[in-house]
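Single-structure report; data block below.
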Amino acid sequence: MQTPSSEILTRVRGFLQENFLYMRPDLELGADDRLMERGIVDSMGVLEMLNFIETEFGVRASDDEISEANLGSLRAIAQFVAEKQTAAAA
Amino acid sequence: MCGIAGIARRAATGVSVDALGRMAAAIKHRGPDGHGFYVGQRVGFAHVRLSIVDIAGGAQPLTNEDGQYVITYNGEVYNHIELRRELENKGHVFRTHCDTEVLVHGYEEWGAQMLQRLNGQFAFAIYDRTNETVFLARDRFGVRPLFYAQREGNLYFGSEVKAILASGEVEASLNPLGIDETFTFWAARPPRTAFQGIGCMEPGTYAIWRDGGLWFHRYYELDYPEATAEPRDAIEQLDEIMRSGVGLRMRADVPVGAYLSGGLDSSITSALAAKASPYTLRSFSIAFDDPRYDESEFQRTMAAAVGSVHAVASIGQSSIAESFPSVIHHAETPLLRTAPVPMYHLAKLTKDAGIKVVLTGEGADELFLGYDLFKEVSVRRFCLRRPESAMRQRLFDRLYPYLIGEGRGGEFWRRFFMDAGPTADPLFSHMPRFMLTSRIKDFYSAEFRAEIATADPLGELRASIPTRFFGWSPLNQAAFLEMTTLLSPYLLASQGDRMGMAHGVEGRFPFLDHRLFEFASSLPTSSRLLGLREKEVLRRWAKRILPPRINQRGKQPYRAPDAPSFFAPGAPAWVNDLLTPDALQRVGVFAPASVAGLIRRCKSGQATGFRENQALLGVLSTQLWHHDFVEHPASVSPLSARTADVVLTDAVPVHS
């Protein structure tokens with residue numbers, strides 16, 4: 001099933017705010033903010049975030065795809081998920 | 001092994017025996033076999049005794065022949081027999097057979113230079129009644145603790161902070177910088193502690209108090225004069241030092257037992273102890289109900305191989321939460337791990353078996369580069385030479401297979417290590433640990449953040465590094481940081497001395513014999529870490545005494561189950577009581593809203609990661625620590641002079 005990019009972005013942002021940013025309520029998370037560089041998700045947290053993304057959007061990332069390019073920001077994630085869903089639907 | 005405490009006054013207004021009695025009572029667990037006092041006009045000493053050497057004659061405080069020097073002493077000087085002979089040859093007359101008396105005569109003969117001659121683990125105070133000075137000293141690596149406080153020119157000291165607080169003259173309050181260091185390094189860096197205005201003597205130092213002032217001096221420096229090639233007789237040298245180190249540590253008038261984790265280090269100490277012991281060796285270990293942490297199979301193998309009578313304490317999740325308040329009471333600091341809890345139970349098991357002294361394997365990982373951190377340093381440096389090489393970075397996956405979960409660490413996992421800082425930083429080796437630990441600071445309250453706004457624990461650590469550090473190899477630099485930031489302030493304290501002495505059990509550490517440190521630190525690092533194979537020379541030598549299955553075993557990180565135990569059904573009520581917004585605000589370190597989020601995630605089983613696990617423990621232990629020491633300090637009934645083994649006073653003149 002195809003999810004609009006903007007909705008993916010909103011849902012992932014909500015997940016991060018609830019699970020990784022609950023102790024930093026004053027931090028505003030922009031679509032292009034680098035998640036690692038800003039200390040929002042660490043290497044351990046990536047797996048937790050990935051688990052959410054895979055379950056929530058019905059996609060599966062290979063080890064090679066667990067990368068900064070695909071998961072480094074909200075916008076990158078939205079694009080990655082949308083592309084995976086498109087590929088699965090094709 | 002014992003507990004010591006004392007007061008030295010700027011003016012000769014007297015020290016009350018009641019205050020000394022309370023100080024002794026606060027640390028009675030360290031010395032359940034007896035107590036004693038020296039009560040003077042200017043200085044008072046207290047001592048609680050765990051009798052191990054010269055059971056009949058070793059009561060303290062104790063003086064030299066003419067009464068000039070009075071000592072209160074905690075520890076063991078293993079070469080006391082040899083030193084005694086030397087002192088007797090110089091005309092000193094001994095009344096007892098204990099090592100304590102060697103120290104008073106040694107100090108009389110050599111002054112502070114005596115410390116260079118001691119092979120042991122110790123913390124003591126000697127009052128020179130003629131010159132009215134107090135000499136405080138702590139062993140080279142910080143095995144035995146010694147805390148101090150100064151108020152209006154008066155000096156207070158004790159084996160534990162609670163002895164100082166029991167004087168009734170030193171208040172407990174939170175030291176923001178000590179707390180912030182704890183949440184950077186796992187423990188405050190001596191001399192800092194979690195308590196405001198209470199210091200911890202640095203290992204390898206002594207201090208002299210005179211006329212209300214306290215002056216510190218270092219008598220032992222860690223050094224790494226690395227040779228370019230391993231000496232041909234390295235294995236023979238190692239054999240001699242290890243056997244002698246264990247042999248010296250078997251000296252006691254009570255049976256000596258051993259902790260046996262099933263790993264290489266404690267297997268070595270147990271095997272040598274079994275050979276050197278006149279009794280059948282008693283060995284002790286911890287087993288976890290959770291099979292992920294359980295090493296009992298290896299423990300049984302090793303116990304069978306050395307022929308020890310082995311006992312096991314089994315730890316379940318509920319024991320962690322139940323014992324945590326007692327553990328914090330003894331550790332006297334916030335903690336980021338529950339690992340001290342099993343050590344607390346292990347000491348109880350040992351005491352219940354009637355054993356007061358155990359050999360343990362601590363120190364081997366620091367001396368022989370056993371920790372994964374050292375491999376990580378090598379891998380990070382290797383990768384940073386060609387940062388574009390994905391193949392090189394896959395080495396990180398091999399390093400921590402038990403952490404990356406399903407092998408899906410990916411690029412992020414590796415990037416964490418790649419981005420942890422430049423190789424030019426003197427803290428390069430430890431930055432991943434310091435960065436991970438510091439994540440707990442996300443939970444700080446705004447007020448606490450403001451209070452420590454100018455704190456710079458990493459900058460202070462960098463500034464404290466001695467010049468010679470910059471001439472050492474990267475692995476030796478890492479070893480130095482490990483010895484100074486973790487071994488003494490955390491491992492030997494919160495997992496070592498405090499948990500053992502909570503039950504009156506003395507740990508002895510053959511790997512922390514300074515001769516062994518000096519031998520190991522002069523070897524090429526490749527003799528200690530060869531590629532990714534740790535403790536290389538130690539394994540080569542240990543073939544002589546261990547079954548191959550143990551000797552070839554890789555390092556198992558010592559871990560204990562954490563967060564879930566605090567929220568499982570039947571978890572103790574204090575968990576919720578100390579985490580209310582009111583309770584958090586009273587302490588002020590953590591933000592109630594952030595902690596509420598953490599609790600929600602713990603209760604729903606979502607807080608499974610390292611980051612939140614350590615945050616929960618940091619919050620819980622800080623709350624417990626504050627509750628125990630700052631908000632509700634226990635009042636203790638003083639130990640009485642009437643029941644003391646010895647009470648010395650100034651009525652005994654100094655004979656000149």
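Residues in the structure tokens are named by chain (A, B, ... in the order shown) and by number from 1 within that chain; ligands are numbered from 1 in the order shown.
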
Within 8 Å of chain B, which residues of chain A are there when counting only C-alpha atoms? Please give them as JSON, numbers by chain. {"A": [19, 22, 23, 24, 42, 43, 44, 45, 46, 47, 63, 64, 65, 66, 67, 68]}

Okay, now the selection with N, CA and C atoms, as a compact mmCIF listing (two decimals), in the first residue's frame?
# COMPACT_ATOMS: atom_id res chain seq x y z
N ASN A 19 9.41 8.71 21.26
CA ASN A 19 10.34 7.70 21.75
C ASN A 19 11.77 8.17 21.94
N TYR A 22 11.30 12.56 23.90
CA TYR A 22 10.38 12.91 25.00
C TYR A 22 11.11 13.66 26.11
N MET A 23 12.44 13.48 26.19
CA MET A 23 13.20 14.18 27.23
C MET A 23 13.75 15.52 26.72
N ARG A 24 13.44 15.84 25.47
CA ARG A 24 13.92 17.13 24.92
C ARG A 24 12.76 17.83 24.21
N ASP A 42 20.77 7.41 17.98
CA ASP A 42 22.14 6.89 17.97
C ASP A 42 22.14 5.52 17.30
N SER A 43 23.32 4.90 17.27
CA SER A 43 23.43 3.66 16.50
C SER A 43 22.50 2.58 17.05
N MET A 44 22.30 2.59 18.36
CA MET A 44 21.39 1.60 18.93
C MET A 44 19.94 1.95 18.56
N GLY A 45 19.67 3.25 18.55
CA GLY A 45 18.31 3.70 18.29
C GLY A 45 17.87 3.46 16.86
N VAL A 46 18.84 3.36 15.95
CA VAL A 46 18.49 3.16 14.54
C VAL A 46 17.67 1.87 14.37
N LEU A 47 18.06 0.84 15.09
CA LEU A 47 17.34 -0.43 14.94
C LEU A 47 15.90 -0.31 15.43
N ASP A 63 20.53 -4.92 4.89
CA ASP A 63 21.59 -4.32 5.71
C ASP A 63 22.27 -3.18 4.98
N ASP A 64 22.45 -3.35 3.66
CA ASP A 64 23.11 -2.30 2.89
C ASP A 64 22.28 -1.02 2.82
N GLU A 65 20.99 -1.18 2.96
CA GLU A 65 20.11 0.00 2.86
C GLU A 65 20.01 0.77 4.18
N ILE A 66 20.52 0.17 5.26
CA ILE A 66 20.48 0.88 6.56
C ILE A 66 21.62 1.88 6.54
N SER A 67 21.37 2.99 5.89
CA SER A 67 22.45 3.93 5.64
C SER A 67 21.99 5.35 5.92
N GLU A 68 22.97 6.21 6.02
CA GLU A 68 22.73 7.64 6.20
C GLU A 68 21.87 8.18 5.04

Would you list the contacts of Arg75 (chain A) as number ranges by chain, taking every protein, DNA or RNA residue within 10 Å and counting only C-alpha atoms, but skipping same-chain residues closer than 2 positions in sequence? A: 5-6, 8-10, 12, 30-34, 70-73, 77-81

Among chain A, which residues carry a DSSP assignment of helix (DSSP H, G or I), reported as number ranges by chain? A: 5-19, 43-57, 63-65, 68-71, 74-89

Save out the residues we just selected, C-alpha atoms, as a PDB file, in the first residue's frame.
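What landed in out03.pdb:
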ATOM      1  CA  SER A   5       5.405  11.050   1.576  1.00  0.00           C
ATOM      2  CA  SER A   6       4.085  13.815   3.799  1.00  0.00           C
ATOM      3  CA  GLU A   7       2.219  11.297   5.939  1.00  0.00           C
ATOM      4  CA  ILE A   8       5.288   9.067   6.273  1.00  0.00           C
ATOM      5  CA  LEU A   9       7.239  12.076   7.400  1.00  0.00           C
ATOM      6  CA  THR A  10       4.602  13.074   9.964  1.00  0.00           C
ATOM      7  CA  ARG A  11       4.262   9.575  11.398  1.00  0.00           C
ATOM      8  CA  VAL A  12       8.026   9.052  11.700  1.00  0.00           C
ATOM      9  CA  ARG A  13       8.373  12.474  13.298  1.00  0.00           C
ATOM     10  CA  GLY A  14       5.650  11.533  15.806  1.00  0.00           C
ATOM     11  CA  PHE A  15       7.446   8.280  16.565  1.00  0.00           C
ATOM     12  CA  LEU A  16      10.764  10.029  17.128  1.00  0.00           C
ATOM     13  CA  GLN A  17       9.180  12.686  19.325  1.00  0.00           C
ATOM     14  CA  GLU A  18       7.447  10.116  21.452  1.00  0.00           C
ATOM     15  CA  ASN A  19      10.339   7.696  21.746  1.00  0.00           C
ATOM     16  CA  SER A  43      23.434   3.661  16.504  1.00  0.00           C
ATOM     17  CA  MET A  44      21.385   1.599  18.934  1.00  0.00           C
ATOM     18  CA  GLY A  45      18.306   3.699  18.287  1.00  0.00           C
ATOM     19  CA  VAL A  46      18.490   3.158  14.540  1.00  0.00           C
ATOM     20  CA  LEU A  47      17.342  -0.433  14.943  1.00  0.00           C
ATOM     21  CA  GLU A  48      14.395   0.649  17.030  1.00  0.00           C
ATOM     22  CA  MET A  49      13.448   3.297  14.468  1.00  0.00           C
ATOM     23  CA  LEU A  50      13.902   0.797  11.676  1.00  0.00           C
ATOM     24  CA  ASN A  51      11.669  -1.679  13.401  1.00  0.00           C
ATOM     25  CA  PHE A  52       8.964   1.000  13.583  1.00  0.00           C
ATOM     26  CA  ILE A  53       9.365   1.953   9.930  1.00  0.00           C
ATOM     27  CA  GLU A  54       9.233  -1.645   8.739  1.00  0.00           C
ATOM     28  CA  THR A  55       6.198  -2.508  10.828  1.00  0.00           C
ATOM     29  CA  GLU A  56       4.345   0.723  10.225  1.00  0.00           C
ATOM     30  CA  PHE A  57       4.831   0.914   6.464  1.00  0.00           C
ATOM     31  CA  ASP A  63      21.589  -4.325   5.713  1.00  0.00           C
ATOM     32  CA  ASP A  64      23.114  -2.297   2.892  1.00  0.00           C
ATOM     33  CA  GLU A  65      20.108  -0.001   2.864  1.00  0.00           C
ATOM     34  CA  GLU A  68      22.726   7.639   6.196  1.00  0.00           C
ATOM     35  CA  ALA A  69      21.419   8.202   2.660  1.00  0.00           C
ATOM     36  CA  ASN A  70      18.169   6.344   3.382  1.00  0.00           C
ATOM     37  CA  LEU A  71      17.609   6.966   7.074  1.00  0.00           C
ATOM     38  CA  LEU A  74      12.925  12.580   8.051  1.00  0.00           C
ATOM     39  CA  ARG A  75      12.840  13.533   4.375  1.00  0.00           C
ATOM     40  CA  ALA A  76      15.301  10.774   3.459  1.00  0.00           C
ATOM     41  CA  ILE A  77      13.207   8.233   5.337  1.00  0.00           C
ATOM     42  CA  ALA A  78       9.994   9.382   3.666  1.00  0.00           C
ATOM     43  CA  GLN A  79      11.590   9.077   0.276  1.00  0.00           C
ATOM     44  CA  PHE A  80      13.122   5.696   1.034  1.00  0.00           C
ATOM     45  CA  VAL A  81       9.838   4.250   2.313  1.00  0.00           C
ATOM     46  CA  ALA A  82       7.900   5.639  -0.622  1.00  0.00           C
ATOM     47  CA  GLU A  83      10.371   4.123  -3.088  1.00  0.00           C
ATOM     48  CA  LYS A  84      10.277   0.739  -1.323  1.00  0.00           C
ATOM     49  CA  GLN A  85       6.469   0.764  -1.403  1.00  0.00           C
ATOM     50  CA  THR A  86       6.464   1.691  -5.081  1.00  0.00           C
ATOM     51  CA  ALA A  87       8.940  -1.085  -5.872  1.00  0.00           C
ATOM     52  CA  ALA A  88       6.851  -3.599  -3.925  1.00  0.00           C
ATOM     53  CA  ALA A  89       3.677  -2.531  -5.741  1.00  0.00           C
TER      54      ALA A  89
END

For a quick check of understanding, using only C-alpha atoms, which of A:Ala90, A:Ser62, A:Leu29, A:Phe20 has the smallest distance to Val41 (chain A)?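 Result for the nearest residue to Val41 (chain A): A:Phe20.
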
DSSP-assigned strand (DSSP E or B) members of region 415-630 of chain B, reported as JSON, numbers by chain: {"B": [444, 506, 507, 508, 529, 530, 533, 534, 590]}

Based on the selection just made, write N, CA and C atoms of those residues as a JSON list (two decimals), in the first residue's frame.
[["chain", "number", "residue", "atom", "x", "y", "z"],
["B", 444, "TYR", "N", 18.59, 15.69, 32.21],
["B", 444, "TYR", "CA", 18.83, 16.72, 33.24],
["B", 444, "TYR", "C", 17.69, 17.74, 33.24],
["B", 506, "GLU", "N", 37.19, -9.28, 52.29],
["B", 506, "GLU", "CA", 38.31, -8.56, 51.70],
["B", 506, "GLU", "C", 38.73, -9.19, 50.38],
["B", 507, "GLY", "N", 38.77, -8.37, 49.32],
["B", 507, "GLY", "CA", 39.27, -8.84, 48.03],
["B", 507, "GLY", "C", 40.78, -8.60, 47.96],
["B", 508, "ARG", "N", 41.48, -9.54, 47.39],
["B", 508, "ARG", "CA", 42.92, -9.36, 47.13],
["B", 508, "ARG", "C", 43.16, -9.57, 45.63],
["B", 529, "LEU", "N", 48.02, -7.27, 23.17],
["B", 529, "LEU", "CA", 46.91, -7.36, 22.22],
["B", 529, "LEU", "C", 47.51, -7.59, 20.84],
["B", 530, "LEU", "N", 47.34, -8.82, 20.34],
["B", 530, "LEU", "CA", 47.93, -9.19, 19.06],
["B", 530, "LEU", "C", 46.80, -9.26, 18.04],
["B", 533, "ARG", "N", 43.39, -10.39, 19.29],
["B", 533, "ARG", "CA", 43.49, -11.41, 20.34],
["B", 533, "ARG", "C", 44.07, -10.76, 21.60],
["B", 534, "GLU", "N", 43.22, -10.69, 22.65],
["B", 534, "GLU", "CA", 43.60, -9.96, 23.86],
["B", 534, "GLU", "C", 44.41, -10.86, 24.80],
["B", 590, "PHE", "N", 17.17, 15.67, 37.69],
["B", 590, "PHE", "CA", 16.47, 15.22, 36.48],
["B", 590, "PHE", "C", 15.11, 15.90, 36.33]]

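Between Ala234 (chain B) and the residues B:Pro524, B:Gly212, B:Pro190, B:Pro325, the shortest atom-to-atom distance, using only C-alpha atoms, involves B:Pro524.
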
What lies within 9 Å of region 362-370 of chain B using only C-alpha atoms, ignoring chain neighbours under 2 positions off, as a ChimeraX atom specification? /B:265-266,360,372-375,475-476,479-480,482-483,487,491-492,496,508-512,516-517,520-521,525,527-529,533-538,555
